[in-house]
Amino acid sequence: MSIDKNLLQGQPFRLVALLFIVLLTVFLTARPTSGFAQSNSARTLFADNKAGILQIRIIDITSGSKSAIGSGFVVNDSGLIATNYHVVQMAASKPEQYRIEYLSADGAAGSLNLLDVDVINDLALVQRTSQGSSEGSSEGSSQASKPLAAVLPLAAAEPDIGVPVYALGNPLDLGLTVVPGTYNGINQTSYHPRVHFTGSLNSGMSGGPTLNQAGEVVGINVSTAGNQVSFLVPVTALQHLIAEHQLRGQGVDNMALRIGQQLLADQDKKFAQMLSLDWSTIALGEATVVNELSPFFRCWGGSNSSSEKAQLLSADRTCRSEDNIYLNEKFNSGVIEHQFFWLEADKLNSLQFYTYYKRLFSDFAPGNKAREKDVGDYQCDTEFVATNNLEAEPQRKTKAVFCARAYKDYPQLYDVLFLQGTVDDSRAAFISHFTLAGVSRDNAKAYVRKFMGVAQWR
Amino acid sequence: MAVIVEQLGWGGKRQRYFTVEGNSVTIGRSYQNDVVLDDVYISPNHLRLDAAEGGWWLTDLQTVNGVEIIKNPRSSETQLLDADSVILLGEGAEIKIGRTRLRIVSDSHSVDAAKELHHLEQDAGKLNRLSIWLPLFLISLAVEIAALYFSSFIEWQWKNVFSIILGTQAVLLFIALFWGALGRFLRSESQFLSHYCLILLAGLAYSVTDWLIGMLAYNAGTEMVAMILSPLNALLLLALLLSANFALATNMLPRQRWISSLGFVMLIIVVSITAQMSGWGEFSPYPSYFSGLEVPGLQFAGAESADDFIASFDAIFAAADRKALD
């Protein structure tokens, strides 16, 4: 179950689906006075900023029509525009098929260049193609050479929790809309920091800025869980990306390589942290299983103990990290999932119990439905494995399965599946299972070792 | 020397024959002839055979439809004799008059030595008894119920079991009836209960061997064992069953039986491989791993250490890399 649902994925039809609008806020004064800032409201923010709207369109080169609409806002004097990675993802992965264009509120249009991305935080930087010349602009040189609307200042400090903030965007392509809401700080249940914004972000608002009362950007609209629970990318992530870009001084040539490096670095950091933790445990039946490892690793559980008709006892526990990294509309990475089952034969005889056990054992698969263009087929190995504590008598014997599939565009990264079930008790069984998305070989192996050492039935 | 006139049926098989003593034989539809045939296209007095050196002179007696020579050891060509013609026929010649095929041999004509009856063929015939079928039927019924019982993990309800058992027994009954009817038609002898017994025996053998193969695959830790052995076992049993049923229901020689049975099995193999071919090499987002599990009592294979297991991952990662490059 994914509650951190990306706005882009919520749409059923591709062509009408990807509607995003950027609001470019225009400030005539470099810094609003504090008195002016405090008098700002949703109404004045809207009025002051609507003139700077940039629409970002993903154009299919063959058909010449737009495949997706997104948004972005200018973040510095050199015309750097920030947006979501998922807005420009199609153009990033298939530059030969898609190009990026912008459309400002005053009707100016032109081509955009993708400069850099941060897939971990779902951010992208774009810039007008060949500023000052007519090249690449469908509207002619007079408009393309005009400077874009003024820069939106990025907030230097994080707002206090409870402060009113305003998300700007174009929900469902209905026109520019301002959504007042409350800043609720960095969400503690997500590995990658996301601001919890209490307000209704809708499809099409992704990529727009959320402003404080002073008109400064405090976050970038990114996703919603519905019912006024929405998420923003913290503005600090954007500041880092801009700084990296300025240090490099030019756009990234090989986008797949850049994304692959970001994924590798992110999983290295994440697994270093996960593996250094002393994993807390909890009992499930007679077995010991991994508990919630951190605030961003949430567990649920259940059992059939209240069922009158149940012939056997089954208790389960599922834990999942909420850190989906969007790579394309069907391909996510980053998620860690643990699953444990404790089974007791109860009213069943051994053969009947193992029939059920066998069926359950055959039913494990990762939730990630990546496609053939993204990943290879799973390769699996099955072995009988004696669990780690070799001095223990009697030793537990298990059937263990390990499967891996490789990412096609991002070398050294794999989705892996681990599954282990006890095979030495005829009246009870313990299944331990996990999947990791986007992990290196070494981290996967270290994770298996640690997991097998903790999740045990002694 | 006696002349034998054989009347041939479908496939050149003898339907009836006439033995005529003497040196001359007449054949026709009227009762004055030595060989009287019931075929409206045959003339009342159709032909006469006169003994000669190593054969017979055939004389057409002015017939309406003539005599067709199909096979004649004395001459290679086939021909239609006109009215009043004469021809020399050799031993074993075949002719056609009207719509009737005849073969002419002398009583000294040699025949093939007897084929040995396989003892299994004799034994299979002994299955055609209620006293054998009934226990076999009850055993397979018990096995089926036991298999259903031990593979059920929901509350046991007899009403669910009845429909399954009725279904399988109805199919078996239908197949046995088919073979019985075939025997009735081809051999004028129905071995219905033998067929039923053979089908039950094959079913029992399949249940036991398939269970053994599953256990073997589980201990070997690889699905390949089951994927290869299981269909092989099923097809082998099917070929055996077919061959035995052919033996009971038809007059096929052992070689013909085996060719027919194996040919049928080959056909099944070709069809199933063709059907599966479309799915080969298709991408799947799901891992396919061998999920077989058996009760601890059936687990014999040794276990390796977790470290060895983890060390084997490199090969899986390498294979996954290769798959991604495809």
# chains A, B, ... in the order shown; residues from 1 in each chain; ligands from 1
call {"tool": "closest_atom_pairs", "arguments": {"of": "range 180-282 of chain B", "to": "range 120-142 of chain B", "cutoff": "12 Å", "atoms": "only C-alpha atoms", "output": "CSV"}}
result
residue,atom,partner,partner_atom,distance
B:Gly180,CA,B:Asn128,CA,10.8
B:Glu189,CA,B:Gly125,CA,11.0
B:Ser190,CA,B:Asn128,CA,9.2
B:Gln191,CA,B:Asn128,CA,5.9
B:Phe192,CA,B:Asn128,CA,7.0
B:Leu193,CA,B:Asn128,CA,4.8
B:Ser194,CA,B:Asn128,CA,4.3
B:His195,CA,B:Asn128,CA,7.9
B:Tyr196,CA,B:Trp133,CA,7.5
B:Cys197,CA,B:Trp133,CA,5.6
B:Leu198,CA,B:Ala124,CA,8.0
B:Ile199,CA,B:Phe137,CA,10.1
B:Leu200,CA,B:Ser140,CA,6.7
B:Leu201,CA,B:Leu136,CA,7.6
B:Ala202,CA,B:Ser140,CA,10.3
B:Gly203,CA,B:Ser140,CA,7.9
B:Leu204,CA,B:Ser140,CA,6.5
B:Ala205,CA,B:Ser140,CA,10.2
B:Tyr206,CA,B:Ser140,CA,11.4
B:Ser207,CA,B:Ser140,CA,9.8
B:Val208,CA,B:Ser140,CA,11.3
B:Leu240,CA,B:Leu120,CA,11.8
B:Leu241,CA,B:Ala124,CA,11.1
B:Ser243,CA,B:Glu121,CA,10.3
B:Ala244,CA,B:Ala124,CA,7.6
B:Asn245,CA,B:Ala124,CA,8.9
B:Phe246,CA,B:Glu121,CA,10.3
B:Ala247,CA,B:Glu121,CA,6.7
B:Leu248,CA,B:Gly125,CA,7.0
B:Ala249,CA,B:Gly125,CA,10.2
B:Thr250,CA,B:Glu121,CA,11.7
B:Asn251,CA,B:Glu121,CA,11.4
B:Met252,CA,B:Glu121,CA,11.9
B:Leu253,CA,B:Glu121,CA,11.3
B:Pro254,CA,B:Glu121,CA,10.0
call {"tool": "residues_around", "arguments": {"residues": "range 443-447 of chain A", "least_positions_apart": "6", "cutoff": "9 Å", "atoms": "only C-alpha atoms", "output": "PDB file with C-alpha atoms, in the first residue's frame"}}
result
ATOM      1  CA  GLN A 267      21.453   3.604  -1.502  1.00  0.00           C
ATOM      2  CA  ASP A 268      25.022   3.542  -0.136  1.00  0.00           C
ATOM      3  CA  PHE A 271      22.184   1.060   3.714  1.00  0.00           C
ATOM      4  CA  ALA A 272      25.229   2.290   5.667  1.00  0.00           C
ATOM      5  CA  MET A 274      20.430   0.745   8.100  1.00  0.00           C
ATOM      6  CA  LEU A 275      23.256  -1.747   8.564  1.00  0.00           C
ATOM      7  CA  TYR A 414      19.441  -4.355  -8.614  1.00  0.00           C
ATOM      8  CA  VAL A 416      16.448  -8.190  -4.957  1.00  0.00           C
ATOM      9  CA  LEU A 436      15.062  -4.199  -1.714  1.00  0.00           C
TER      10      LEU A 436
ATOM     11  CA  ILE B 310      25.344 -15.567   0.328  1.00  0.00           C
ATOM     12  CA  ALA B 311      28.582 -16.331  -1.508  1.00  0.00           C
ATOM     13  CA  PHE B 313      24.761 -14.519  -4.957  1.00  0.00           C
TER      14      PHE B 313
END
call {"tool": "interface_residues", "arguments": {"of": "chain A", "to": "chain B", "cutoff": "7 Å", "atoms": "only C-alpha atoms", "output": "JSON, numbers by chain"}}
result
{"A": [311, 348, 350, 351, 352, 353, 354, 355, 356, 358, 361, 362, 365, 369, 370, 371, 372, 375, 376, 377, 378, 379, 380, 382, 383, 384, 385, 386, 387, 388, 397, 403, 404, 405, 406, 407, 408, 423, 424, 425, 426, 445]}
call {"tool": "write_last_selection", "arguments": {"atoms": "N, CA and C atoms", "output": "compact mmCIF listing (two decimals), in the first residue's frame"}}
result
# COMPACT_ATOMS: atom_id res chain seq x y z
N GLN A 311 -8.53 -23.02 10.07
CA GLN A 311 -8.04 -24.35 10.39
C GLN A 311 -6.62 -24.31 10.92
N LEU A 348 -5.06 -28.71 11.41
CA LEU A 348 -4.63 -29.43 10.21
C LEU A 348 -3.60 -30.51 10.55
N SER A 350 -0.07 -32.61 9.24
CA SER A 350 1.16 -32.08 8.67
C SER A 350 1.08 -31.88 7.16
N LEU A 351 0.50 -32.87 6.48
CA LEU A 351 0.43 -32.78 5.01
C LEU A 351 -0.45 -31.62 4.58
N GLN A 352 -1.58 -31.48 5.26
CA GLN A 352 -2.48 -30.37 4.93
C GLN A 352 -1.80 -29.04 5.24
N PHE A 353 -1.12 -29.00 6.36
CA PHE A 353 -0.43 -27.78 6.77
C PHE A 353 0.62 -27.39 5.73
N TYR A 354 1.36 -28.38 5.25
CA TYR A 354 2.41 -28.07 4.26
C TYR A 354 1.82 -27.71 2.90
N THR A 355 0.62 -28.21 2.61
CA THR A 355 -0.04 -27.78 1.37
C THR A 355 -0.30 -26.28 1.41
N TYR A 356 -0.80 -25.82 2.55
CA TYR A 356 -1.05 -24.38 2.71
C TYR A 356 0.26 -23.60 2.70
N LYS A 358 3.09 -24.37 1.39
CA LYS A 358 3.67 -24.37 0.03
C LYS A 358 3.01 -23.29 -0.83
N PHE A 361 4.15 -19.93 0.27
CA PHE A 361 5.57 -19.75 -0.06
C PHE A 361 5.77 -19.38 -1.54
N SER A 362 4.82 -19.81 -2.38
CA SER A 362 4.99 -19.57 -3.82
C SER A 362 4.51 -18.19 -4.23
N ALA A 365 6.25 -11.75 -4.26
CA ALA A 365 6.74 -10.96 -5.39
C ALA A 365 6.86 -9.52 -4.93
N LYS A 369 6.32 -2.93 -10.36
CA LYS A 369 5.97 -3.51 -11.66
C LYS A 369 6.76 -2.83 -12.79
N ALA A 370 8.06 -2.81 -12.64
CA ALA A 370 8.89 -2.20 -13.67
C ALA A 370 8.74 -2.97 -14.97
N ARG A 371 9.01 -2.29 -16.08
CA ARG A 371 8.80 -2.93 -17.38
C ARG A 371 10.11 -3.42 -17.99
N GLU A 372 9.95 -4.07 -19.12
CA GLU A 372 11.10 -4.70 -19.77
C GLU A 372 12.16 -3.69 -20.16
N VAL A 375 14.15 -3.00 -16.58
CA VAL A 375 14.85 -4.03 -15.81
C VAL A 375 14.92 -5.33 -16.61
N GLY A 376 15.86 -6.18 -16.21
CA GLY A 376 15.93 -7.53 -16.80
C GLY A 376 15.01 -8.47 -16.04
N ASP A 377 14.98 -9.72 -16.47
CA ASP A 377 14.20 -10.73 -15.76
C ASP A 377 14.87 -11.08 -14.43
N TYR A 378 14.07 -11.53 -13.49
CA TYR A 378 14.62 -12.01 -12.22
C TYR A 378 15.40 -13.30 -12.43
N GLN A 379 16.51 -13.43 -11.77
CA GLN A 379 17.27 -14.67 -11.73
C GLN A 379 17.24 -15.16 -10.28
N CYS A 380 16.97 -16.43 -10.09
CA CYS A 380 16.77 -16.92 -8.73
C CYS A 380 17.64 -18.14 -8.42
N THR A 382 17.72 -21.33 -5.29
CA THR A 382 17.05 -21.90 -4.13
C THR A 382 18.00 -22.89 -3.46
N GLU A 383 18.13 -22.79 -2.16
CA GLU A 383 19.04 -23.69 -1.43
C GLU A 383 18.41 -24.05 -0.08
N PHE A 384 18.82 -25.20 0.43
CA PHE A 384 18.54 -25.49 1.84
C PHE A 384 19.65 -24.87 2.66
N VAL A 385 19.28 -24.07 3.64
CA VAL A 385 20.28 -23.34 4.41
C VAL A 385 20.06 -23.62 5.89
N ALA A 386 21.17 -23.91 6.58
CA ALA A 386 21.11 -24.04 8.03
C ALA A 386 21.32 -22.65 8.61
N THR A 387 20.47 -22.28 9.55
CA THR A 387 20.57 -20.90 10.04
C THR A 387 21.85 -20.69 10.84
N ASN A 388 22.16 -19.41 11.00
CA ASN A 388 23.50 -18.99 11.39
C ASN A 388 24.13 -19.60 12.64
N LYS A 397 16.73 -25.89 9.90
CA LYS A 397 16.96 -26.01 8.46
C LYS A 397 15.87 -25.21 7.73
N CYS A 403 16.55 -13.86 -5.29
CA CYS A 403 16.35 -13.47 -6.69
C CYS A 403 16.88 -12.06 -6.89
N ALA A 404 17.40 -11.78 -8.06
CA ALA A 404 17.88 -10.44 -8.38
C ALA A 404 17.59 -10.12 -9.83
N ARG A 405 17.29 -8.86 -10.09
CA ARG A 405 17.20 -8.40 -11.48
C ARG A 405 17.95 -7.07 -11.57
N ALA A 406 18.57 -6.86 -12.71
CA ALA A 406 19.44 -5.69 -12.87
C ALA A 406 18.68 -4.55 -13.53
N TYR A 407 19.05 -3.32 -13.18
CA TYR A 407 18.51 -2.13 -13.83
C TYR A 407 19.23 -1.97 -15.16
N LYS A 408 18.48 -1.69 -16.21
CA LYS A 408 19.11 -1.62 -17.53
C LYS A 408 19.86 -0.32 -17.76
N VAL A 423 11.88 -25.64 7.26
CA VAL A 423 11.38 -26.89 6.69
C VAL A 423 11.60 -28.07 7.64
N ASP A 424 11.88 -27.77 8.91
CA ASP A 424 12.22 -28.86 9.83
C ASP A 424 11.18 -29.08 10.90
N ASP A 425 10.04 -28.42 10.80
CA ASP A 425 8.98 -28.66 11.78
C ASP A 425 7.70 -28.95 11.01
N SER A 426 7.04 -30.04 11.40
CA SER A 426 5.86 -30.43 10.62
C SER A 426 4.59 -29.73 11.11
N LYS A 445 24.08 -8.15 -0.20
CA LYS A 445 24.66 -9.29 0.54
C LYS A 445 24.74 -9.00 2.03
call {"tool": "residues_around", "arguments": {"residues": "Asn33 in chain B", "least_positions_apart": "5", "cutoff": "10 Å", "atoms": "only C-alpha atoms", "output": "PyMOL selection string"}}
result
chain B and resi 25-28+44-48
call {"tool": "write_last_selection", "arguments": {"atoms": "N, CA and C atoms", "output": "PDB file, in the first residue's frame"}}
result
ATOM      1  N   VAL B  25     -12.909 -74.640 -61.634  1.00  0.00           N
ATOM      2  CA  VAL B  25     -13.749 -73.937 -60.662  1.00  0.00           C
ATOM      3  C   VAL B  25     -14.547 -72.892 -61.421  1.00  0.00           C
ATOM      4  N   THR B  26     -15.828 -72.834 -61.171  1.00  0.00           N
ATOM      5  CA  THR B  26     -16.619 -71.731 -61.748  1.00  0.00           C
ATOM      6  C   THR B  26     -17.075 -70.812 -60.617  1.00  0.00           C
ATOM      7  N   ILE B  27     -17.107 -69.502 -60.960  1.00  0.00           N
ATOM      8  CA  ILE B  27     -17.500 -68.507 -59.974  1.00  0.00           C
ATOM      9  C   ILE B  27     -18.591 -67.649 -60.591  1.00  0.00           C
ATOM     10  N   GLY B  28     -19.655 -67.336 -59.814  1.00  0.00           N
ATOM     11  CA  GLY B  28     -20.722 -66.497 -60.330  1.00  0.00           C
ATOM     12  C   GLY B  28     -21.818 -66.333 -59.296  1.00  0.00           C
ATOM     13  N   PRO B  44     -24.335 -64.072 -63.562  1.00  0.00           N
ATOM     14  CA  PRO B  44     -24.725 -65.382 -63.027  1.00  0.00           C
ATOM     15  C   PRO B  44     -23.622 -66.416 -63.204  1.00  0.00           C
ATOM     16  N   ASN B  45     -23.007 -66.461 -64.383  1.00  0.00           N
ATOM     17  CA  ASN B  45     -21.834 -67.306 -64.578  1.00  0.00           C
ATOM     18  C   ASN B  45     -20.695 -66.379 -64.987  1.00  0.00           C
ATOM     19  N   HIS B  46     -19.798 -66.117 -64.058  1.00  0.00           N
ATOM     20  CA  HIS B  46     -18.863 -65.019 -64.307  1.00  0.00           C
ATOM     21  C   HIS B  46     -17.548 -65.505 -64.903  1.00  0.00           C
ATOM     22  N   LEU B  47     -16.908 -66.467 -64.285  1.00  0.00           N
ATOM     23  CA  LEU B  47     -15.609 -66.886 -64.812  1.00  0.00           C
ATOM     24  C   LEU B  47     -15.356 -68.344 -64.469  1.00  0.00           C
ATOM     25  N   ARG B  48     -14.353 -68.875 -65.148  1.00  0.00           N
ATOM     26  CA  ARG B  48     -13.959 -70.243 -64.883  1.00  0.00           C
ATOM     27  C   ARG B  48     -12.460 -70.294 -64.728  1.00  0.00           C
TER      28      ARG B  48
END
call {"tool": "closest_residue", "arguments": {"among": "B:Leu262, B:Val143, B:Ile104, B:Val161", "to": "Lys71 in chain B", "atoms": "only C-alpha atoms"}}
result
B:Ile104
call {"tool": "select_by_dssp", "arguments": {"residues": "range 303-405 of chain A", "states": "strand (DSSP E)", "output": "PyMOL selection string"}}
result
chain A and resi 303+313-321+325-328+331-333+336-344+379-386+397-405
